[in-house]
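Novice: Supplied in structure tokens, the structure appears directly below.
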Amino acid sequence: MNRLEDYTVKSVDKALLLLEVVSEHPDGIAITELAQSVGMYKSTVHRLLGTMMRRGYIEQDPVSGRYKLGYTVLDLGMKLLSSIDLRREAMPALQELALASGEVVHLALLDRGSVVYIEKVESPNTIRMHSRVGTRVPVHATGLGKAILAFLPKREVQDIVRRYGLPRLTPHTITDADTFWASLEETRSTGFAFDIEEHQEGVCCVAAPIFAHDGRVMAAVSVSGPALRMTRERMVELVPLVKRAGERISERLGYRRERVAP
């Protein structure tokens with residue numbers, strides 16, 4: 001059986017690694033620092049950056065000489081987002097949820113052990129979250145992540161936990177494996193998940209899963225806000241709204257509960 005590594009082109013792999021590291025420095029990164037970060041020779045990094053600059057994936061600041069992402073990356077990202085029918089089908093439910101809750105609403109997918117925001121509807125309140133579409137957040141410490149993991153096959157979740165662990169992000173993050181599995185069981189039973197300052201201190205959220213036409217969990221939707229507004233009582237009040245949004249989006253994707261075996 002061929003392994004994925006058998007198909008790896010080393011130069012392409014190195015270029016993509018550089019792209020990922022540069023993406024973590026919105027103000028740019030010097031070539032020496034970049035070379036040290038990835039463990040490559042400076043000359044190799046220079047050649048790869050030059051190629052990506054010609055294609056628009058990388059730009060160099062003419063004053064500082066630092067490298068940052070080019071607009072070709074944004075163009076590709078927007079094409080990817082526009083190709084995801086989920087965003088279009090979900091938008092009416094997301095907007096209605098934001099209006100009813102008065103808080104920010106996120107739509108997210110699971111990707112490589114992280115949750116990725118693919119849509120956001122802002123809150124009308126003056127205190128807002130600084131999240132943005134494209135942001136990756138840890139799957140184990142978010143309501144969105146737990147809402148997805150709870151409905152995945154157990155072996156898949158075990159693989160994710162084994163690979164990425166349960167790192168502590170705040171004093172409230174669940175890092176004990178037994179407690180974590182118990183929280184997923186509860187989510188599977190109730191159909192919603194809480195994040196009570198587990199990912200970011202001062203921020204809480206309520207999330208619910210979204211299912212594809214074949215019954216697979218596909219994404220999750222959440223309402224998030226500052227802990228001073230998102231008390232436990234308020235979060236409990238929001239549960240029916242968030243679950244209904246998840247159900248509406250799932251229905252738009254062709255999901256019918258009676259079609260899927262329990």
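Letters A, B, ... go to the chains of the structure tokens in the order shown; residues in each chain start at 1; ligands are counted from 1 in the same order.
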What's around A:Ala245 at 8 Å? Count only C-alpha atoms, leave out sequence neighbours fewer than 6 positions away in its own chain, and write the answer as a ChimeraX atom specification.

Specialist: /A:93-94,97,221

Novice: Just to be explicit: take each residue in the selection above, keep N, CA, C and O atoms, and write the result as a compact mmCIF listing (two decimals), in the first residue's frame.

Specialist:
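Below is the file that was written, out.txt:
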# COMPACT_ATOMS: atom_id res chain seq x y z
N ALA A 93 -30.34 31.32 8.40
CA ALA A 93 -30.44 30.86 9.79
C ALA A 93 -29.44 31.58 10.68
O ALA A 93 -29.74 31.91 11.84
N LEU A 94 -28.24 31.85 10.17
CA LEU A 94 -27.23 32.56 10.94
C LEU A 94 -27.68 33.98 11.26
O LEU A 94 -27.53 34.46 12.39
N LEU A 97 -30.44 33.94 13.83
CA LEU A 97 -29.91 33.61 15.15
C LEU A 97 -29.21 34.82 15.76
O LEU A 97 -29.35 35.09 16.96
N VAL A 221 -22.70 25.36 14.49
CA VAL A 221 -23.08 26.76 14.58
C VAL A 221 -23.05 27.15 16.05
O VAL A 221 -23.34 26.33 16.92

Novice: From a DSSP calculation on the backbone, collect every residue of stretch 100-243 of chain A in strand (DSSP E or B) and output the set as a count of residues only.

Specialist: 42

Novice: Pick the closest to A:Ala15 from A:Val133, A:Leu69, A:Met52, A:Ile31: which is it, counting only C-alpha atoms?

Specialist: A:Met52

Novice: List the spatial neighbours of A:Glu96 as an MDAnalysis selection string - criterion: any atom at most 10 Å away, only C-alpha atoms, same-chain residues fewer than 3 positions off excluded.

Specialist: chainID A and resid 91:93 99:102 105 121 241 245

Novice: Would you mind exporting the chosen residues as a PDB file, in the first residue's frame, restricted to N, CA, C and O atoms?

Specialist:
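Once everything was written out, this is again_11.pdb:
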ATOM      1  N   MET A  91     -26.728  30.969   5.687  1.00  0.00           N
ATOM      2  CA  MET A  91     -26.798  32.391   6.005  1.00  0.00           C
ATOM      3  C   MET A  91     -28.142  32.856   6.571  1.00  0.00           C
ATOM      4  O   MET A  91     -28.166  33.603   7.567  1.00  0.00           O
ATOM      5  N   PRO A  92     -29.290  32.476   6.008  1.00  0.00           N
ATOM      6  CA  PRO A  92     -30.557  32.948   6.605  1.00  0.00           C
ATOM      7  C   PRO A  92     -30.705  32.557   8.070  1.00  0.00           C
ATOM      8  O   PRO A  92     -31.130  33.372   8.898  1.00  0.00           O
ATOM      9  N   ALA A  93     -30.336  31.324   8.399  1.00  0.00           N
ATOM     10  CA  ALA A  93     -30.438  30.863   9.786  1.00  0.00           C
ATOM     11  C   ALA A  93     -29.439  31.585  10.677  1.00  0.00           C
ATOM     12  O   ALA A  93     -29.738  31.908  11.840  1.00  0.00           O
ATOM     13  N   LEU A  99     -29.805  37.950  15.174  1.00  0.00           N
ATOM     14  CA  LEU A  99     -30.825  38.936  15.524  1.00  0.00           C
ATOM     15  C   LEU A  99     -31.563  38.537  16.795  1.00  0.00           C
ATOM     16  O   LEU A  99     -31.821  39.366  17.679  1.00  0.00           O
ATOM     17  N   ALA A 100     -31.894  37.256  16.911  1.00  0.00           N
ATOM     18  CA  ALA A 100     -32.656  36.776  18.072  1.00  0.00           C
ATOM     19  C   ALA A 100     -31.817  36.755  19.344  1.00  0.00           C
ATOM     20  O   ALA A 100     -32.337  37.002  20.439  1.00  0.00           O
ATOM     21  N   SER A 101     -30.536  36.460  19.209  1.00  0.00           N
ATOM     22  CA  SER A 101     -29.669  36.328  20.384  1.00  0.00           C
ATOM     23  C   SER A 101     -29.001  37.639  20.779  1.00  0.00           C
ATOM     24  O   SER A 101     -28.654  37.842  21.948  1.00  0.00           O
ATOM     25  N   GLY A 102     -28.782  38.515  19.792  1.00  0.00           N
ATOM     26  CA  GLY A 102     -28.051  39.748  20.073  1.00  0.00           C
ATOM     27  C   GLY A 102     -26.563  39.529  20.265  1.00  0.00           C
ATOM     28  O   GLY A 102     -25.852  40.396  20.774  1.00  0.00           O
ATOM     29  N   VAL A 105     -22.488  35.248  15.864  1.00  0.00           N
ATOM     30  CA  VAL A 105     -22.775  33.872  15.452  1.00  0.00           C
ATOM     31  C   VAL A 105     -21.660  33.389  14.538  1.00  0.00           C
ATOM     32  O   VAL A 105     -21.222  34.117  13.644  1.00  0.00           O
ATOM     33  N   VAL A 121     -21.510  36.246  11.650  1.00  0.00           N
ATOM     34  CA  VAL A 121     -22.487  37.325  11.615  1.00  0.00           C
ATOM     35  C   VAL A 121     -22.297  38.126  12.898  1.00  0.00           C
ATOM     36  O   VAL A 121     -22.393  37.571  13.998  1.00  0.00           O
ATOM     37  N   LEU A 241     -32.589  28.189  20.587  1.00  0.00           N
ATOM     38  CA  LEU A 241     -32.337  28.989  19.387  1.00  0.00           C
ATOM     39  C   LEU A 241     -31.186  28.416  18.572  1.00  0.00           C
ATOM     40  O   LEU A 241     -31.262  28.311  17.344  1.00  0.00           O
ATOM     41  N   ALA A 245     -31.280  26.569  14.886  1.00  0.00           N
ATOM     42  CA  ALA A 245     -30.476  27.043  13.761  1.00  0.00           C
ATOM     43  C   ALA A 245     -29.721  25.879  13.125  1.00  0.00           C
ATOM     44  O   ALA A 245     -29.661  25.751  11.898  1.00  0.00           O
TER      45      ALA A 245
END

Novice: Find the distance between atom CA of A:Pro138 and atom CA of A:Tyr164 and write it in Å to one decimal.

Specialist: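 Spanning atom CA of A:Pro138 to atom CA of A:Tyr164 is a straight-line distance of 9.0 Å.
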